[in-house]
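Structure file query32.cif (mmCIF, C-alpha atoms and all ligand atoms) follows.
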```
data_run
loop_
_atom_site.label_atom_id
_atom_site.label_comp_id
_atom_site.auth_asym_id
_atom_site.auth_seq_id
_atom_site.Cartn_x
_atom_site.Cartn_y
_atom_site.Cartn_z
CA MET I 1 -13.53 -119.39 -58.25
CA LEU I 2 -13.17 -115.62 -58.08
CA THR I 3 -16.38 -115.31 -60.07
CA PHE I 4 -18.07 -117.51 -57.51
CA VAL I 5 -16.70 -115.52 -54.57
CA ALA I 6 -17.80 -112.27 -56.17
CA LEU I 7 -21.26 -113.60 -56.95
CA ALA I 8 -21.58 -115.08 -53.46
CA SER I 9 -20.63 -111.78 -51.84
CA VAL I 10 -23.15 -109.97 -54.01
CA LEU I 11 -25.89 -112.44 -53.10
CA LEU I 12 -25.08 -112.86 -49.41
CA LEU I 13 -23.92 -109.43 -48.40
CA GLY I 14 -25.65 -107.33 -50.96
CA ILE I 15 -22.32 -105.80 -51.95
CA VAL I 16 -22.66 -104.46 -55.43
CA PRO I 17 -19.43 -103.19 -56.94
CA GLU I 18 -19.62 -99.48 -57.61
CA GLN I 19 -18.81 -99.97 -61.21
CA THR I 20 -20.29 -102.98 -62.86
CA GLU I 21 -18.31 -102.00 -65.91
CA GLY I 22 -14.69 -102.58 -65.07
CA ILE I 23 -12.21 -105.22 -64.25
CA ALA I 24 -10.64 -106.27 -60.97
CA ILE I 25 -7.13 -107.68 -61.22
CA TYR I 26 -5.57 -109.96 -58.64
CA THR I 27 -1.99 -110.98 -57.95
CA GLY I 28 -0.49 -112.14 -54.72
CA TRP I 29 0.80 -109.64 -52.23
CA GLU I 30 4.33 -110.81 -51.56
CA ARG I 31 6.30 -113.84 -52.67
CA HIS I 32 9.50 -115.28 -51.24
CA ALA I 33 11.78 -117.48 -53.28
CA LEU I 34 15.20 -119.03 -53.12
CA LEU I 35 18.11 -117.94 -55.24
CA GLY I 36 18.26 -120.04 -58.42
CA SER I 37 14.71 -121.35 -58.13
CA ASP I 38 11.71 -120.64 -60.37
CA ILE I 39 8.61 -118.83 -59.24
CA ARG I 40 5.14 -118.62 -60.70
CA LEU I 41 3.62 -115.18 -60.39
CA SER I 42 -0.11 -115.50 -60.79
CA CYS I 43 -2.46 -112.92 -62.20
CA SER I 44 -6.18 -113.28 -62.70
CA PHE I 45 -9.08 -110.92 -63.10
CA PHE I 46 -12.74 -110.58 -62.45
CA SER I 47 -15.01 -109.00 -65.01
CA TRP I 48 -18.76 -108.97 -65.37
CA ARG I 49 -18.30 -109.48 -69.08
CA MET I 50 -17.73 -112.76 -70.81
CA THR I 51 -14.09 -113.56 -71.35
CA SER I 52 -13.14 -111.78 -74.51
CA GLU I 53 -11.09 -113.26 -77.32
CA ASP I 54 -9.09 -110.07 -77.19
CA VAL I 55 -8.08 -110.47 -73.56
CA THR I 56 -4.64 -109.04 -72.85
CA PHE I 57 -2.18 -109.37 -69.99
CA SER I 58 0.90 -107.31 -69.44
CA TRP I 59 3.52 -107.54 -66.74
CA THR I 60 5.94 -104.82 -65.76
CA TYR I 61 8.83 -104.96 -63.33
CA ARG I 62 10.26 -102.29 -61.07
CA PRO I 63 13.49 -103.20 -59.28
CA ASP I 64 13.76 -102.30 -55.60
CA GLY I 65 15.16 -98.80 -55.28
CA SER I 66 14.22 -97.81 -58.80
CA ARG I 67 11.44 -95.52 -59.94
CA ASP I 68 11.06 -96.87 -63.44
CA SER I 69 9.12 -99.90 -64.51
CA ILE I 70 10.04 -101.94 -67.52
CA SER I 71 7.77 -104.15 -69.55
CA ILE I 72 8.72 -107.80 -69.32
CA PHE I 73 5.74 -109.62 -70.77
CA HIS I 74 2.71 -109.02 -72.93
CA TYR I 75 -0.02 -111.31 -74.08
CA GLY I 76 -2.45 -110.17 -76.76
CA GLY I 77 -4.15 -111.47 -79.87
CA GLY I 78 -3.38 -115.02 -78.80
CA VAL I 79 0.37 -114.41 -78.77
CA ALA I 80 2.72 -114.19 -75.77
CA TYR I 81 5.64 -111.79 -76.04
CA VAL I 82 8.45 -112.18 -73.55
CA ASP I 83 11.25 -109.88 -72.49
CA ASN I 84 14.13 -110.55 -74.88
CA LYS I 85 16.68 -108.01 -73.80
CA GLY I 86 15.90 -106.86 -70.27
CA PRO I 87 16.90 -108.41 -66.97
CA PHE I 88 14.54 -111.35 -67.49
CA ARG I 89 15.74 -112.22 -70.97
CA ASP I 90 15.09 -115.94 -71.56
CA ARG I 91 13.85 -116.27 -68.00
CA VAL I 92 10.14 -115.49 -68.43
CA GLU I 93 7.64 -118.07 -69.56
CA PHE I 94 3.89 -117.70 -69.99
CA VAL I 95 2.13 -120.34 -67.90
CA GLY I 96 -1.35 -118.82 -67.82
CA ASN I 97 -4.53 -119.69 -69.63
CA PRO I 98 -6.22 -116.62 -71.12
CA SER I 99 -9.54 -118.38 -71.69
CA ARG I 100 -9.63 -119.02 -67.93
CA ARG I 101 -8.63 -115.42 -67.19
CA ASP I 102 -5.23 -116.56 -66.01
CA GLY I 103 -2.22 -114.45 -66.98
CA SER I 104 0.41 -116.12 -64.81
CA ILE I 105 4.07 -116.07 -65.71
CA LEU I 106 7.01 -118.12 -64.55
CA ILE I 107 10.29 -116.38 -63.68
CA LYS I 108 13.13 -118.86 -63.95
CA ASN I 109 16.51 -119.15 -62.28
CA LEU I 110 15.96 -116.32 -59.82
CA ASP I 111 18.82 -113.93 -59.32
CA TYR I 112 19.81 -112.04 -56.19
CA ASN I 113 18.96 -108.80 -57.99
CA ASP I 114 15.42 -109.81 -58.94
CA ASN I 115 14.01 -108.26 -55.76
CA GLY I 116 11.32 -105.89 -56.88
CA THR I 117 7.71 -105.30 -57.71
CA PHE I 118 5.90 -107.10 -60.51
CA THR I 119 2.71 -105.50 -61.74
CA CYS I 120 0.06 -107.21 -63.80
CA ASP I 121 -2.50 -105.38 -65.92
CA ALA I 122 -5.29 -107.13 -67.76
CA LYS I 123 -7.96 -106.06 -70.21
CA ASN I 124 -11.09 -107.89 -71.19
CA PRO I 125 -12.51 -105.68 -73.96
CA PRO I 126 -14.79 -103.90 -73.70
CA ASP I 127 -13.87 -104.09 -70.00
CA ILE I 128 -10.63 -102.14 -69.98
CA VAL I 129 -10.89 -100.00 -66.86
CA GLY I 130 -9.20 -101.52 -63.87
CA ARG I 131 -6.38 -100.98 -61.49
CA PRO I 132 -3.22 -103.07 -62.11
CA SER I 133 -2.21 -105.33 -59.24
CA SER I 134 1.30 -105.73 -57.86
CA VAL I 135 3.24 -108.47 -56.14
CA ARG I 136 6.55 -108.01 -54.39
CA LEU I 137 9.27 -110.59 -54.91
CA LEU I 138 12.04 -111.21 -52.39
CA VAL I 139 14.87 -113.53 -53.31
CA PHE I 140 16.68 -115.19 -50.43
CA GLU I 141 19.98 -117.00 -50.46
CA LYS I 142 18.81 -119.53 -47.90
CA VAL I 143 15.45 -120.49 -46.50
CA PRO I 144 14.58 -117.57 -44.22
CA ILE I 145 13.96 -118.48 -40.59
CA GLN I 146 10.32 -117.80 -40.06
CA ALA I 147 8.99 -115.92 -37.09
CA GLY I 148 7.08 -119.00 -35.98
CA VAL I 149 10.25 -121.04 -35.75
CA ILE I 150 11.91 -118.37 -33.59
CA THR I 151 8.88 -118.11 -31.32
CA GLY I 152 8.78 -121.89 -31.02
CA ALA I 153 12.46 -122.03 -30.14
CA ILE I 154 12.08 -119.34 -27.46
CA ILE I 155 9.07 -121.08 -25.93
CA GLY I 156 10.96 -124.37 -26.02
CA VAL I 157 14.00 -122.92 -24.26
CA VAL I 158 11.88 -121.21 -21.58
CA LEU I 159 9.89 -124.39 -20.92
CA GLY I 160 13.11 -126.40 -20.80
CA LEU I 161 14.62 -123.99 -18.24
CA LEU I 162 11.47 -124.14 -16.10
CA VAL I 163 11.52 -127.94 -16.11
CA LEU I 164 15.23 -127.87 -15.23
CA ILE I 165 14.63 -125.46 -12.33
CA VAL I 166 11.80 -127.61 -10.98
CA VAL I 167 13.92 -130.76 -11.28
CA ILE I 168 16.88 -129.09 -9.53
CA TYR I 169 14.59 -127.77 -6.78
CA TYR I 170 13.14 -131.20 -6.02
CA LEU I 171 16.56 -132.83 -6.27
CA MET I 172 17.96 -130.38 -3.71
CA ARG I 173 15.01 -130.91 -1.42
CA PHE I 174 15.43 -134.65 -1.72
CA LEU I 175 19.14 -134.47 -1.00
CA VAL I 176 18.68 -132.13 1.97
CA ALA I 177 15.95 -134.36 3.37
CA ARG I 178 18.17 -137.42 3.02
CA ARG I 179 21.08 -135.71 4.73
CA VAL I 180 18.92 -134.68 7.68
CA PHE I 181 17.55 -138.19 7.85
CA SER I 182 20.94 -139.89 7.79
CA LEU I 183 22.32 -137.43 10.39
CA SER I 184 19.51 -138.07 12.78
CA VAL I 185 19.81 -141.82 12.23
CA SER I 186 23.52 -141.83 13.01
CA LYS I 187 22.99 -139.70 16.13
CA HIS I 188 20.25 -142.02 17.21
CA GLY I 189 22.48 -145.05 16.60
CA LYS I 190 25.26 -143.56 18.74
CA LYS I 191 22.95 -142.90 21.62
CA LYS I 192 21.61 -146.40 21.41
CA LYS I 193 25.12 -147.85 21.55
CA GLU I 194 25.98 -145.84 24.64
CA GLY I 195 22.76 -146.92 26.24
CA SER I 196 23.41 -150.59 25.52
CA GLN I 197 26.92 -150.31 26.90
CA ALA I 198 25.52 -148.85 30.08
CA ARG I 199 22.91 -151.54 30.40
CA GLN I 200 25.37 -154.32 29.50
CA GLY I 201 22.56 -156.61 28.55
CA PRO I 202 21.70 -158.34 25.31
CA VAL I 203 20.73 -155.70 22.75
CA PRO I 204 17.39 -156.30 21.10
CA PRO I 205 17.59 -156.02 17.30
CA ALA I 206 16.75 -152.46 16.23
CA ASP I 207 13.27 -152.14 14.89
CA PRO I 208 13.58 -150.17 11.61
CA THR I 209 10.09 -148.65 11.91
CA LYS I 210 10.96 -147.35 15.35
CA VAL I 211 14.21 -145.89 14.02
CA LYS I 212 12.31 -144.14 11.25
CA ALA I 213 9.64 -142.88 13.58
CA ALA I 214 12.28 -141.56 15.92
CA ALA I 215 14.01 -139.87 13.01
CA SER I 216 10.88 -138.17 11.81
CA GLU I 217 10.03 -137.19 15.38
CA LYS I 218 13.46 -135.66 15.64
CA LYS I 219 12.91 -133.84 12.35
CA LYS I 220 9.65 -132.47 13.62
CA GLN I 221 11.32 -131.28 16.78
CA GLU I 222 14.04 -129.65 14.75
CA SER I 223 11.60 -127.88 12.50
CA ARG I 224 9.66 -126.71 15.54
CA LYS I 225 12.89 -125.39 17.00
CA ASP I 226 13.58 -123.62 13.72
CA LYS I 227 10.17 -121.97 13.81
CA LYS I 228 10.83 -120.72 17.32
C1 LIG F 301 16.45 -109.11 -51.51
O1 LIG F 301 15.60 -109.13 -50.39
C2 LIG F 301 16.01 -109.98 -49.35
C3 LIG F 301 14.95 -109.92 -48.29
O2 LIG F 301 14.69 -108.63 -47.88
C4 LIG F 301 17.35 -109.54 -48.83
O3 LIG F 301 17.80 -110.44 -47.84
C5 LIG F 301 18.34 -109.48 -49.97
O4 LIG F 301 19.55 -108.97 -49.49
C6 LIG F 301 17.80 -108.62 -51.09
N1 LIG F 301 18.72 -108.65 -52.22
C7 LIG F 301 19.33 -107.57 -52.66
C8 LIG F 301 20.24 -107.74 -53.83
O5 LIG F 301 19.18 -106.48 -52.13
#
```

Rewrite the structure of this file - the entire thing - as structure tokens.
Ligand SMILES: *[C@@H]1O[C@H](CO)[C@@H](O)[C@H](O)[C@H]1NC(C)=O
Amino acid sequence: MLTFVALASVLLLGIVPEQTEGIAIYTGWERHALLGSDIRLSCSFFSWRMTSEDVTFSWTYRPDGSRDSISIFHYGGGVAYVDNKGPFRDRVEFVGNPSRRDGSILIKNLDYNDNGTFTCDAKNPPDIVGRPSSVRLLVFEKVPIQAGVITGAIIGVVLGLLVLIVVIYYLMRFLVARRVFSLSVSKHGKKKKEGSQARQGPVPPADPTKVKAAASEKKKQESRKDKK
């Protein structure tokens, strides 16, 4: 895969590495893991040479806040040597495949103090010149809340508040409108009663559309008054 990417970039972009002799080593950049879990730290390399039988991989570890690195793993001559007295004693396993240029290791049962930088160096004789690559490991006690989740929650809360405000606004408007309506209706009804008493004749049944029209007319008048 890396070979393909490198070849493709050479062909498509005309990028020719400055040194065609030499080895480029790749690890991740940063890894997060949970306390007590296992993590695979991958290491691969690109070399213009065929994969040598004498390919070697070595991993060192530098704890956070420390200046010194310690060797925790070495592969060479077909044999994998693991840390047998350091902090990763019995916790490192070789899971790579040297013939596929893969020098990955597995760190088991992660401890709270495993935070630090893991550096992988590889050699593919006669390609031995290359810069080691480092990956930072952070061990968390619980699943860290990701930035995306926080952003999502904030957006959700803001949207929810907006919807609530809009709903309250329309509810208030609706209630106010209904109160005005019922007030004007009751006033209207009173007037009508007085009028009928004065006339002392049979009262024609109230036409609801007329009542409504009168009410809205009244509202209009009121709002006009308000404007003045
Ligand atoms: C390891 O790193 C994580 C993330 O930065 C931090 O929460 C934790 O406290 C660190 N552990 C130690 C022992 O410092």

Between I:Asn115, I:Ser69, I:Asn124, I:Asn97, which one has atoms that come closest to ligand LIG 301 (chain F), using all atoms listed in the file?
-> I:Asn115

Can you tell me which residues come within 6 Å of ligand LIG 301 (chain F) when counting all atoms listed in the file, ideally as a ChimeraX atom specification?
-> /I:112-113,115,138-140

Between CA of Val129 (chain I) and CA of Phe57 (chain I), measure the distance and give it in Å to one decimal.
->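 That distance, rounded to one decimal, is 13.2 Å.
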
Nearest to Leu35 (chain I) by atom-to-atom distance, counting all atoms listed in the file, from I:Val157, I:Tyr169, I:Lys142, I:Arg178 = I:Lys142

Coordinates-based distance that separates CA of Cys43 (chain I) from CA of Val92 (chain I) (Å, one decimal) |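 Distance between the two atoms: 14.3 Å.
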
As JSON: centre and edge lengths in Å, one decimal, of the axis-aligned box holding region 165-174 of chain I with 4 Å per side:
```
{"center_x": 14.9, "center_y": -130.1, "center_z": -6.9, "size_x": 14.2, "size_y": 17.2, "size_z": 18.9}
```

Please indicate the distance in Å from CA of Ser133 (chain I) to CA of Thr119 (chain I), rounded to one decimal place.
-> 5.5 Å

Around (-3.3, -108.1, -68.7) in the file's own coordinates, what residues are found within 10 Å if you use only C-alpha atoms, given back as a list in words?
-> Ile25, Cys43, Ser44, Phe45, Val55, Thr56, Phe57, Ser58, Trp59, Phe73, His74, Tyr75, Gly76, Pro98, Arg101, Asp102, Gly103, Ser104, Thr119, Cys120, Asp121, Ala122, Lys123, Asn124, Ile128, Pro132 and Ser133 of chain I
